[in-house]
Each structure stands twice: as structure tokens, then as C-alpha cells.
Amino acid sequence: MMDVMQARSTLTSRLLVLVIVILGLFVRTINVNWDQNQHLHPDERFLTMVMGGMQVPHTVREYLDPELSTFNPTNVGFKFFVYGTFPLVINKFVAIALHNDNYNMLTLQGRWLSAAMDAVAVLTIILITRQFEKKYGLPRNLKYFAGLFYAIAVFPIQQAHFFTVDTFANTFFLLSVLSALKLDRDHFLRASVISGIIMGLAVASKINVVLGAPLIGWLLIETFVQEAFQHRKAMKMIISIFIVSLFWLGSFWITLRVAEPYYFSHFSLIDWHLNTTFLGNIKQLQSFNDPAGYFPPGIQWGSKTAIIFPLVNIAFFGLGLPLFFFAVVGFGKLGFFSFRELKTRVGLFFTLLWMVVFFSYEGIQFVLTMRYFLFLYPFFALCAGYGLMEIGKLFTRKASLSNLNHEWLVLSCSVLCFIWPLMFMSIYLHKNSRVEASEWMYRVLPDKSVIALEHWDDPLPLQVEGANPDQKDIKGLQLPVFYPDDDVKWTEMNDILGKSDYYVLTSNRGWGSIMAAPKKYPKMSQFYKDLFDGKTEFEKIAEFTSYPGLSYLGLPITINDDWSEEAFTVYDHPKVLIFAKKK
């Protein structure tokens with residue numbers, strides 16, 4: 001009888017996990033071609049161009065040689081490249097096998113792969129949480145809430161709609177953490193080797209994954225440290241840690257050299273020198289992050305507050321307030337829970353400490369973009385699940401509820417966390433705002449119209465299929481809005497504005513950054529203010545938005561997210577404003 005009940009419990013558990021993973025995959029693959037092949041994500045567009053230039057090396061030796069390989073971006077015309085190439089190589093091989101090796105299909109197929117990888121991340125955080133349940137005495141159903149909350153977290157859903165390296169790096173990192181958690185006295189070599197291999201793939205996808213190495217390192221040695229404290233066998237601990245570290249580093253090193261040989265100068269496992277071109281690219285990228293500089297993507301960060309800005313974006317947009325609230329409660333309760341019995345739960349405590357250190361480090365950088373915090377989201381989900389269960393337990397005690405009522409209370413509270421992802425889904429269920437604006441422009445603007453556009457932003461109208469049956473000729477002129485606010489710039493600005501019939505802001509890239517930096521751009525900031533107040537020679541005639549909302553469910557609820565970090569809106573649902581010259 002007990003065997004039958006256990007078999008049913010196991011089947012139910014597996015079915016529940018399967019449902020959660022399928023849900024995660026479903027919301028990540030809603031309208032994969034959300035921009036109608038317009039390639040509106042700049043990083044994704046760049047990676048697709050690099051993949052287009054890649055050619056399969058003739059031999060393994062050629063692949064491994066950074067000076068010869070046609071998988072090395074430097075050798076196919078892309079001298080500036082700061083990502084790992086492993087996700088690109090995967091996508092390229094799959095595209096060749098499926099006959100998808102062309103500009104549009106490389107992107108669409110890449111988005112499917114990105115979504116699939118993040119669905120694996122959903123499963124992995126469930127398995128990580130299950131290990132935490134076993135090792136640290138956490139509630140046995142926590143794994144389901146952790147998986148569910150990561151599955152519906154908005155920011156991972158958005159990132160999985162793009163083919164970038166982030167979802168690959170995040171998933172490999174989580175798998176490496178899981179392997180480290182599985183280490184025990186009887187299987188420590190296997191666990192350390194597997195963890196090292198997977199971490200090698202993670203760093204081959206994105207180099208900043210190395211910031212997760214301290215967490216993996218502790219989880220690998222935790223068993224030996226605890227045994228040493230219990231049995232006072234320090235020498236045995238030192239030897240065990242040395243062996244584990246040796247196997248982990250060896251497997252990591254070999255995997256990294258094979259999966260991403262282009263980080264290095266030469267084809268040699270014993271050559272530790274990094275590629276000088278790659279190092280130069282990293283230094284060049286860092287030089288862009290100068291508060292006094294005029295690099296367009298960097299202008300937005302000069303007005304942002306360290307720690308507070310990324311925290312607000314995680315709370316309001318990345319997770320949504322209900323999920324963030326549960327995560328904060330869960331983090332606090334887990335911290336107290338682990339600190340109270342530190343000797344047996346030091347791994348849990350170290351995980352929470354790593355989260356704080358990682359967030360603090362990224363939160364004080366000049367660039368505070370949300371994607372740098374993606375590695376934390378699975379752990380936010382774990383904390384949120386624990387917070388929800390603790391709140392349910394508290395209300396159950398206060399109201400003297402039965403176990404059944406307690407479960408219903410927890411499930412009811414979890415429903416609140418679905419509100420934000422349901423609203424965010426509307427972005428992919430409606431036409432992209434830039435596509436919609438392009439169709440309107442072809443339909444309304446006269447032939448031979450001249451429009452003023454802003455440099456460093458995607459120009460409109462897009463070449464949307466079937467949107468321009470009359471073959472209207474609409475000419476665009478680029479305004480140097482991000483140039484220093486000197487007389488040379490304004491001579492060019494006034495000349496272009498004088499020639500233009502329309503002025504199109506295809507996103508908030510320009511005005512969102514520049515108006516927040518009035519000391520750097522006094523004239524340009526005032527120009528935007530006058531433009532929006534109707535005090536220039538242009539007046540607004542059209543606006544296109546795709547704000548998160550529930551109109552597709554028949555509910556008149558919409559959230560204006562213009563105040564979020566630029567990248568959260570500008571890639572897949574920017575506000576487009578069209579102004580016409582006054583008559």
C-alpha cells in the first residue's frame with residue numbers, strides 16, 4: 001500500500017514539474033517573431049550578422065586556432081566582439097542542419113533556442129530547490145513554487161524572446177550550481193567534473209558568469225568543511241578540497257578552451273594568455289562607461305542612482321510587486337532560518353550572502369542595465385516561494401485554518417503574481433509599435449515626404465511586407481542629437497529640421513536619456529521640452545504604444561512603463577511619436 005502511495009506521489013510530482021516547465025516554455029514562445037523579421041533588438045541583430053559571417057571550419061585544428069578559425073568573429077570581419085561565441089556556434093550548427101542558415105531564420109531559430117534554454121532553467125531551479133530541501137530542511141513543496149515563480153517572472157520571459165547570450169549563460173550557470181549541490185563523499189569527483197564542464201560552457205557564453213564562481217566553489221567544498229568541523233580532521237579536509245578544486249578547474253579549463261578558444265591568444269592548452277584583441281575590446285567597452293563621455297548608450301546612466309535604480313526596476317518590472325514582496329519576505333526569513341543553525345545550513349546562508357554581494361557589486365557599476373542581474377532571478381523565485389509559504393503559515397496560525405484551507409490560501413496569494421506577467425504578455429499579442437507606426441506612415445504620409453530621425457535609433461518607416469503598395473518614397477535625415485551641445489551640432493540640427501516635413505521619435509532613446517542630463521545637454525533638453533509642449537515648429541499628430549495591459553482579456557487596465565530602464569521598453573515595445581511641421 002505504501003509503495004502504491006509513494007508511486008502516485010512521485011507521478012504527481014513529475015506531472016506538476018512537467019506542467020510548470022511547459023508553462024515556462026509556452027510564455028517564452030508566444031509570438032517568437034514579435035517584430036515581423038525587422039530585427040529590432042540591436043544586440044540580437046549584431047549577433048545574427050556575426051553568425052551570417054561565420055563559416056564552419058574545415059578541421060578541428062582550425063576551429064581551435066583563434067588565428068585561423070572562421071568561427072572567430074575577428075576573422076570574419078567583426079573586430080569588436082565582447083560576447084562568448086558558444087551560443088552562436090550552437091545556433092549556427094542547428095541552422096545548417098535544418099537549412100535555416102539565413103538572416104531571418106538565424107534570429108527566429110535563435111529565439112526558439114533561447115526560450116528552450118530558459119525552460120531548462122525553470123527545471124533546473126526546481127531541482128536546485130529540491131536539493132536545498134534535502135540538505136537544509138526547507139519545506140518539501142518549495143521547489144514547485146520556485147519553478148513556477150521563475151516560469152512567470154517577466155524579465156526572464158522577455159530575455160527568452162531575444163537571441164542573446166544571456167539565457168544560455170544563465171542556464172549553464174544554474175546547471176553548474178546544481179551539479180555542485182549534488183556533491184557528496186561518494187561522488188565528489190564526478191560532481192566536481194560535471195560542474196566544471198558546465199561552468200566552462202557558461203563562461204564560453206558570457207565571461208561575466210565568473211562572478212558566480214564563489215557560490216559554486218563553496219557548494220563544492222561545503223561537505224568537506226562540515227565534516228572537518230564535526231570530526232576535526234583538517235588535513236583530510238585540505239586534501240579533499242585540493243582534489244575537488246583540481247578536478248573542477250581542470251574540467252573547466254579544458255571545456256572553456258574547446259567551447260570558446262577565441263578568448264585566448266594561441267591554440268595551446270598550456271598557454272594562459274588571453275587574446276589581445278578580446279582584451280582590447282573589453283577595455284574599449286569599459287572606456288565607453290565614462291560619465292563625462294558622449295557615447296549614446298552611456299548617457300542614460302549618468303542620472304541613475306546606484307543600488308536604488310536596479311532595485312526599483314527589479315521590483316516593478318523584472319518581477320512585479322507581488323512577486324518582489326514575497327521574495328523580500330522569503331529572503332529575510334531564509335536568512336534568519338539559515339543563520340539560526342549556521343553549522344548545518346551554511347550553504348544556504350552562503351547562497352543568500354552571494355546574492356547580496358552580487359547585487360551590490362553590479363548595483364554600484366556605472367551601467368545598471370537589468371540583464372546584468374539575470375543570474376539572480378532564479379534565486380529570487382526560490383526566495384519568493386519560501387516567503388509565500390511562510391506568509392501562508394502565519395495566516396493559518398492566526399486564523400486557525402485547516403491544512404486544506406492553508407493550501408487554498410497559499411494558492412490564492414500566488415495568483416497575485418500572475419497579474420504582471422499576464423499584462424506583459426499583451427506586448428507579444430499585439431503588433432509591435434514600430435511596425436504599426438510604419439504601416440501608418442506609408443498609409444498617411446505623402447509621397448516624397450522628408451522626415452527627421454535621430455541617430456543611434458532604429459529609423460522608420462520599416463520595410464514591412466505589404467505595407468507600402470504604392471511604393472511611396474519617404475526620405476529620412478538623421479539628427480545628431482547625442483553630439484555635444486555646441487554651435488556645430490545646432491547648425492546641422494536646424495538645417496535638417498528646416499528640410500523636414502515630419503519629425504519621428506522611434507523610441508525614448510534620445511529624449512529619455514538627454515532630458516535626464518540637462519547640464520550636459522542644456523539646449524537639447526530645452527528643445528525636447530518645447531517639442532512636447534507644442535512650442536516648436538512641429539506638432540504631434542500620432543502616437544503608438546504597446547504598454548503592458550489586459551485589454552486582450554477584455555479588461556481596460558494598462559500600465560505606462562515609460563519610466564523603466566530604457567532597454568526594458570525600447571527593444572520590443574517602444575513609444576513612437578510622430579510630429580508634423582505646422583502649416
# chains A, B, ... in the order shown; residues from 1 in each chain; ligands from 1
>>> residues_around(residues="region 253-258 of chain A", least_positions_apart="5", cutoff="6 Å", atoms="only C-alpha atoms", output="PyMOL selection string")
chain A and resi 197+200+204
>>> write_last_selection(atoms="all heavy atoms", output="JSON list (two decimals), in the first residue's frame")
[["chain", "number", "residue", "atom", "x", "y", "z"],
["A", 197, "ILE", "N", 32.74, 21.31, -16.12],
["A", 197, "ILE", "CA", 32.42, 21.29, -17.55],
["A", 197, "ILE", "C", 31.32, 22.29, -17.88],
["A", 197, "ILE", "O", 31.43, 23.10, -18.80],
["A", 197, "ILE", "CB", 32.02, 19.88, -18.00],
["A", 197, "ILE", "CG1", 33.22, 18.93, -17.98],
["A", 197, "ILE", "CG2", 31.39, 19.90, -19.39],
["A", 197, "ILE", "CD1", 32.87, 17.48, -18.22],
["A", 200, "GLY", "N", 32.33, 25.84, -17.59],
["A", 200, "GLY", "CA", 33.10, 26.20, -18.77],
["A", 200, "GLY", "C", 32.21, 26.64, -19.92],
["A", 200, "GLY", "O", 32.51, 27.62, -20.62],
["A", 204, "ALA", "N", 31.93, 30.33, -21.57],
["A", 204, "ALA", "CA", 32.07, 30.38, -23.02],
["A", 204, "ALA", "C", 30.89, 31.10, -23.67],
["A", 204, "ALA", "O", 30.95, 31.47, -24.84],
["A", 204, "ALA", "CB", 32.19, 28.97, -23.59]]
>>> select_by_dssp(residues="region 360-559 of chain A", states="strand (DSSP E)", output="ChimeraX atom specification")
/A:450-454,475-479,502-505,538-544
>>> atom_distance(atom1="CA of Ile241 (chain A)", atom2="CA of Glu260 (chain A)")
27.2 Å
>>> residues_around(residues="Ile557 (chain A)", least_positions_apart="3", cutoff="12 Å", atoms="only C-alpha atoms", output="PyMOL selection string")
chain A and resi 419-420+422-424+426+547-554+560
>>> closest_residue(among="A:Gln478, A:Ser303, A:Ser414, A:Ser251", to="Pro518 (chain A)", atoms="only C-alpha atoms")
A:Ser303
>>> atom_distance(atom1="CA of Ile90 (chain A)", atom2="CA of Val122 (chain A)")
20.6 Å
>>> atom_distance(atom1="CA of Pro322 (chain A)", atom2="CA of Leu416 (chain A)")
6.2 Å
>>> closest_residue(among="A:Trp34, A:Gly280, A:Leu40, A:Gly77", to="Gly52 (chain A)", atoms="only C-alpha atoms")
A:Gly77
>>> residues_around(residues="region 55-61 of chain A", least_positions_apart="5", cutoff="10 Å", atoms="only C-alpha atoms", output="PDB file with N, CA and C atoms, in the first residue's frame")
ATOM      1  N   PRO A  66      42.573  30.294 -32.779  1.00  0.00           N
ATOM      2  CA  PRO A  66      41.922  31.613 -32.879  1.00  0.00           C
ATOM      3  C   PRO A  66      42.433  32.454 -34.037  1.00  0.00           C
ATOM      4  N   LEU A  68      43.072  31.264 -37.056  1.00  0.00           N
ATOM      5  CA  LEU A  68      42.614  30.717 -38.329  1.00  0.00           C
ATOM      6  C   LEU A  68      41.106  30.494 -38.404  1.00  0.00           C
ATOM      7  N   SER A  69      40.473  30.273 -37.275  1.00  0.00           N
ATOM      8  CA  SER A  69      39.091  29.802 -37.255  1.00  0.00           C
ATOM      9  C   SER A  69      38.113  30.791 -37.881  1.00  0.00           C
ATOM     10  N   THR A  70      37.241  30.272 -38.710  1.00  0.00           N
ATOM     11  CA  THR A  70      36.176  31.089 -39.307  1.00  0.00           C
ATOM     12  C   THR A  70      34.959  31.154 -38.390  1.00  0.00           C
ATOM     13  N   PHE A  71      35.086  30.613 -37.168  1.00  0.00           N
ATOM     14  CA  PHE A  71      34.088  30.846 -36.119  1.00  0.00           C
ATOM     15  C   PHE A  71      34.506  31.995 -35.205  1.00  0.00           C
ATOM     16  N   ASN A  72      35.725  32.459 -35.373  1.00  0.00           N
ATOM     17  CA  ASN A  72      36.208  33.590 -34.589  1.00  0.00           C
ATOM     18  C   ASN A  72      35.703  34.876 -35.241  1.00  0.00           C
ATOM     19  N   VAL A  76      36.132  37.094 -39.373  1.00  0.00           N
ATOM     20  CA  VAL A  76      35.067  37.205 -40.390  1.00  0.00           C
ATOM     21  C   VAL A  76      34.519  38.632 -40.454  1.00  0.00           C
ATOM     22  N   VAL A  89      27.722  29.438 -32.036  1.00  0.00           N
ATOM     23  CA  VAL A  89      28.143  28.208 -32.707  1.00  0.00           C
ATOM     24  C   VAL A  89      27.032  27.164 -32.666  1.00  0.00           C
ATOM     25  N   LYS A  92      24.412  28.212 -35.116  1.00  0.00           N
ATOM     26  CA  LYS A  92      24.899  28.063 -36.494  1.00  0.00           C
ATOM     27  C   LYS A  92      24.816  26.606 -36.942  1.00  0.00           C
ATOM     28  N   PHE A  93      25.253  25.673 -36.097  1.00  0.00           N
ATOM     29  CA  PHE A  93      25.213  24.257 -36.464  1.00  0.00           C
ATOM     30  C   PHE A  93      23.772  23.776 -36.633  1.00  0.00           C
ATOM     31  N   ILE A  96      22.382  25.142 -39.927  1.00  0.00           N
ATOM     32  CA  ILE A  96      22.885  24.400 -41.084  1.00  0.00           C
ATOM     33  C   ILE A  96      22.164  23.071 -41.214  1.00  0.00           C
ATOM     34  N   VAL A 258      37.929  24.521 -25.379  1.00  0.00           N
ATOM     35  CA  VAL A 258      37.278  23.891 -26.527  1.00  0.00           C
ATOM     36  C   VAL A 258      36.034  24.668 -26.962  1.00  0.00           C
ATOM     37  N   PHE A 267      46.436  28.489 -29.902  1.00  0.00           N
ATOM     38  CA  PHE A 267      45.896  27.145 -29.712  1.00  0.00           C
ATOM     39  C   PHE A 267      46.889  26.315 -28.897  1.00  0.00           C
TER      40      PHE A 267
END
>>> closest_residue(among="A:Tyr144, A:Leu445, A:Met54, A:Lys393", to="Leu18 (chain A)", atoms="only C-alpha atoms")
A:Tyr144
>>> closest_residue(among="A:Gly293, A:Gly84, A:Gly147, A:Gly476", to="Ile20 (chain A)", atoms="only C-alpha atoms")
A:Gly147
>>> residues_around(residues="Ile391 (chain A)", least_positions_apart="6", cutoff="9 Å", atoms="only C-alpha atoms", output="list in words")
Phe326, Val329, Gly330 and Val410 of chain A
>>> residues_around(residues="Phe316 (chain A)", least_positions_apart="2", cutoff="12 Å", atoms="only C-alpha atoms", output="compact mmCIF listing (two decimals) with C-alpha atoms, in the first residue's frame")
# COMPACT_ATOMS: atom_id res chain seq x y z
CA ALA A 153 8.88 36.18 -13.90
CA VAL A 154 8.57 38.88 -16.55
CA PHE A 155 12.21 39.77 -17.15
CA PHE A 309 17.67 52.20 -9.68
CA PRO A 310 18.28 48.49 -10.36
CA LEU A 311 16.28 47.52 -7.27
CA VAL A 312 13.28 49.56 -8.42
CA ASN A 313 13.45 48.03 -11.90
CA ILE A 314 13.63 44.51 -10.49
CA GLY A 318 11.50 42.41 -13.63
CA LEU A 319 9.40 40.59 -11.03
CA GLY A 320 6.30 42.69 -10.38
CA LEU A 321 5.39 43.98 -6.93
CA PRO A 322 3.56 40.87 -5.57
CA LEU A 323 6.43 38.54 -6.50
CA PHE A 324 9.01 41.03 -5.26
CA PHE A 325 7.20 41.34 -1.92
CA MET A 370 18.60 44.83 -15.92
CA CYS A 417 1.94 37.01 -9.00
CA TRP A 420 2.14 41.34 -14.07
CA PRO A 421 3.16 38.53 -16.49
CA PHE A 424 3.26 41.83 -20.08
CA ILE A 559 0.47 50.30 -17.16
CA ASN A 560 2.64 53.10 -18.51
CA ASP A 561 6.19 51.76 -18.19
CA TRP A 563 9.87 55.32 -16.66
CA SER A 564 11.52 51.89 -16.61
CA GLU A 565 15.08 51.28 -17.75
CA PHE A 568 13.07 47.20 -20.97
>>> closest_residue(among="A:Thr107, A:Ser265, A:Thr506, A:Asn468", to="Trp456 (chain A)", atoms="only C-alpha atoms")
A:Thr506
>>> closest_atom_pairs(of="region 335-377 of chain A", to="region 171-180 of chain A", cutoff="12 Å", atoms="only C-alpha atoms", output="CSV")
residue,atom,partner,partner_atom,distance
A:Gly347,CA,A:Ala180,CA,11.1
A:Thr351,CA,A:Val177,CA,10.4
A:Leu374,CA,A:Thr171,CA,10.3
A:Phe375,CA,A:Phe173,CA,8.0
A:Leu376,CA,A:Leu174,CA,10.2
A:Tyr377,CA,A:Leu174,CA,10.9
>>> write_last_selection(atoms="N, CA and C atoms", output="compact mmCIF listing (two decimals), in the first residue's frame")
# COMPACT_ATOMS: atom_id res chain seq x y z
N GLY A 347 25.59 26.43 3.70
CA GLY A 347 25.48 26.56 2.25
C GLY A 347 24.33 27.46 1.84
N THR A 351 24.62 31.10 0.00
CA THR A 351 23.86 31.43 -1.21
C THR A 351 23.22 32.80 -1.09
N LEU A 374 20.33 39.14 -14.31
CA LEU A 374 19.53 37.97 -14.67
C LEU A 374 19.89 36.75 -13.84
N PHE A 375 21.16 36.58 -13.47
CA PHE A 375 21.58 35.41 -12.71
C PHE A 375 20.88 35.31 -11.35
N LEU A 376 20.36 36.43 -10.86
CA LEU A 376 19.71 36.42 -9.55
C LEU A 376 18.25 35.97 -9.60
N TYR A 377 17.63 36.05 -10.76
CA TYR A 377 16.18 35.82 -10.84
C TYR A 377 15.75 34.42 -10.40
>>> closest_residue(among="A:Phe145, A:Leu353, A:Thr344, A:Pro156", to="Glu227 (chain A)", atoms="only C-alpha atoms")
A:Thr344
>>> select_by_dssp(residues="region 121-325 of chain A", states="alpha helix (DSSP H)", output="PyMOL selection string")
chain A and resi 121-136+142-152+154-160+166-181+188-205+213-231+234-259+276-288+296-299+308-313+321-325
>>> write_last_selection(atoms="C-alpha atoms", output="short mmCIF file (atom, residue, chain, number, x, y, z; two decimals), in the first residue's frame")
data_model
loop_
_atom_site.label_atom_id
_atom_site.label_comp_id
_atom_site.auth_asym_id
_atom_site.auth_seq_id
_atom_site.Cartn_x
_atom_site.Cartn_y
_atom_site.Cartn_z
CA ALA A 121 16.46 26.95 -16.32
CA VAL A 122 12.91 26.57 -14.94
CA LEU A 123 13.51 22.85 -14.46
CA THR A 124 16.97 23.47 -13.01
CA ILE A 125 15.79 25.86 -10.29
CA ILE A 126 13.20 23.23 -9.31
CA LEU A 127 15.99 20.65 -8.97
CA ILE A 128 18.24 23.10 -7.12
CA THR A 129 15.44 23.85 -4.68
CA ARG A 130 14.82 20.13 -4.19
CA GLN A 131 18.48 19.78 -3.20
CA PHE A 132 18.05 22.68 -0.78
CA GLU A 133 15.02 20.92 0.69
CA LYS A 134 17.08 17.79 1.33
CA LYS A 135 20.26 19.45 2.57
CA TYR A 136 18.87 22.33 4.61
CA LEU A 142 9.03 24.81 -2.09
CA LYS A 143 10.51 23.51 -5.35
CA TYR A 144 7.17 23.85 -7.15
CA PHE A 145 6.73 27.49 -6.16
CA ALA A 146 10.35 28.28 -7.03
CA GLY A 147 9.90 26.80 -10.51
CA LEU A 148 6.50 28.42 -11.01
CA PHE A 149 7.68 31.87 -9.97
CA TYR A 150 10.72 31.74 -12.24
CA ALA A 151 8.50 30.47 -15.07
CA ILE A 152 6.25 33.55 -14.81
CA VAL A 154 8.57 38.88 -16.55
CA PHE A 155 12.21 39.77 -17.15
CA PRO A 156 13.34 36.19 -17.90
CA ILE A 157 10.31 35.85 -20.20
CA GLN A 158 11.38 38.98 -22.09
CA GLN A 159 15.03 37.90 -22.33
CA ALA A 160 13.97 34.49 -23.67
CA ASP A 166 22.34 35.78 -21.51
CA THR A 167 19.81 32.95 -21.32
CA PHE A 168 22.47 30.41 -22.30
CA ALA A 169 24.93 31.71 -19.70
CA ASN A 170 22.25 31.77 -17.00
CA THR A 171 21.10 28.21 -17.65
CA PHE A 172 24.62 26.77 -17.75
CA PHE A 173 25.43 28.60 -14.52
CA LEU A 174 22.38 27.10 -12.81
CA LEU A 175 23.27 23.62 -14.05
CA SER A 176 26.77 24.06 -12.64
CA VAL A 177 25.27 25.08 -9.28
CA LEU A 178 23.02 22.01 -9.36
CA SER A 179 25.98 19.72 -10.04
CA ALA A 180 27.92 21.29 -7.16
CA LEU A 181 24.97 20.74 -4.83
CA PHE A 188 32.69 14.13 -5.29
CA LEU A 189 34.91 13.61 -8.35
CA ARG A 190 32.01 13.11 -10.75
CA ALA A 191 30.11 16.10 -9.36
CA SER A 192 33.15 18.38 -9.49
CA VAL A 193 34.00 17.38 -13.07
CA ILE A 194 30.42 17.85 -14.31
CA SER A 195 30.13 21.20 -12.52
CA GLY A 196 33.44 22.35 -14.04
CA ILE A 197 32.42 21.29 -17.55
CA ILE A 198 29.10 23.12 -17.37
CA MET A 199 30.68 26.24 -15.86
CA GLY A 200 33.10 26.20 -18.77
CA LEU A 201 30.13 26.32 -21.15
CA ALA A 202 28.64 29.18 -19.11
CA VAL A 203 31.78 31.31 -19.33
CA ALA A 204 32.07 30.38 -23.02
CA SER A 205 28.65 32.03 -23.40
CA ALA A 213 32.26 31.02 -9.23
CA PRO A 214 32.42 31.82 -5.47
CA LEU A 215 28.95 30.30 -4.95
CA ILE A 216 29.85 27.16 -6.87
CA GLY A 217 33.18 26.94 -5.08
CA TRP A 218 31.57 26.98 -1.65
CA LEU A 219 28.92 24.43 -2.58
CA LEU A 220 31.68 22.12 -3.81
CA ILE A 221 33.70 22.23 -0.59
CA GLU A 222 30.82 22.56 1.91
CA THR A 223 30.62 18.82 2.62
CA PHE A 224 34.31 18.57 3.48
CA VAL A 225 34.28 21.70 5.64
CA GLN A 226 31.34 20.42 7.68
CA GLU A 227 32.97 17.01 8.12
CA ALA A 228 36.19 18.67 9.30
CA PHE A 229 34.30 20.66 11.94
CA GLN A 230 32.42 17.59 13.12
CA HIS A 231 35.37 15.18 13.21
CA ALA A 234 41.62 19.36 8.99
CA MET A 235 44.28 17.61 6.90
CA LYS A 236 41.72 15.31 5.32
CA MET A 237 39.59 18.35 4.51
CA ILE A 238 42.51 20.17 2.88
CA ILE A 239 43.39 17.16 0.75
CA SER A 240 39.75 16.64 -0.32
CA ILE A 241 39.30 20.30 -1.20
CA PHE A 242 42.55 20.27 -3.18
CA ILE A 243 41.44 17.22 -5.19
CA VAL A 244 37.96 18.63 -5.87
CA SER A 245 39.40 22.01 -6.89
CA LEU A 246 41.94 20.34 -9.17
CA PHE A 247 39.30 18.28 -10.98
CA TRP A 248 36.87 21.22 -11.19
CA LEU A 249 39.48 23.63 -12.55
CA GLY A 250 40.86 21.03 -14.95
CA SER A 251 37.46 20.21 -16.45
CA PHE A 252 36.52 23.90 -16.52
CA TRP A 253 39.75 24.87 -18.29
CA ILE A 254 39.59 22.17 -20.94
CA THR A 255 35.91 22.87 -21.65
CA LEU A 256 36.49 26.61 -21.93
CA ARG A 257 39.41 26.13 -24.30
CA VAL A 258 37.28 23.89 -26.53
CA ALA A 259 33.96 25.78 -26.31
CA THR A 276 44.89 40.72 -27.03
CA THR A 277 42.07 41.69 -29.40
CA PHE A 278 39.46 40.43 -26.96
CA LEU A 279 41.15 42.23 -24.05
CA GLY A 280 41.30 45.39 -26.13
CA ASN A 281 37.58 45.10 -26.86
CA ILE A 282 36.80 44.73 -23.15
CA LYS A 283 38.90 47.80 -22.35
CA GLN A 284 37.23 49.74 -25.14
CA LEU A 285 33.81 48.75 -23.81
CA GLN A 286 34.80 49.92 -20.34
CA SER A 287 36.02 53.22 -21.77
CA PHE A 288 32.51 53.88 -23.07
CA PRO A 296 24.97 57.45 -26.68
CA PRO A 297 24.06 54.29 -24.69
CA GLY A 298 26.02 55.63 -21.71
CA ILE A 299 24.19 58.95 -21.43
CA ILE A 308 18.18 52.08 -5.91
CA PHE A 309 17.67 52.20 -9.68
CA PRO A 310 18.28 48.49 -10.36
CA LEU A 311 16.28 47.52 -7.27
CA VAL A 312 13.28 49.56 -8.42
CA ASN A 313 13.45 48.03 -11.90
CA LEU A 321 5.39 43.98 -6.93
CA PRO A 322 3.56 40.87 -5.57
CA LEU A 323 6.43 38.54 -6.50
CA PHE A 324 9.01 41.03 -5.26
CA PHE A 325 7.20 41.34 -1.92
#
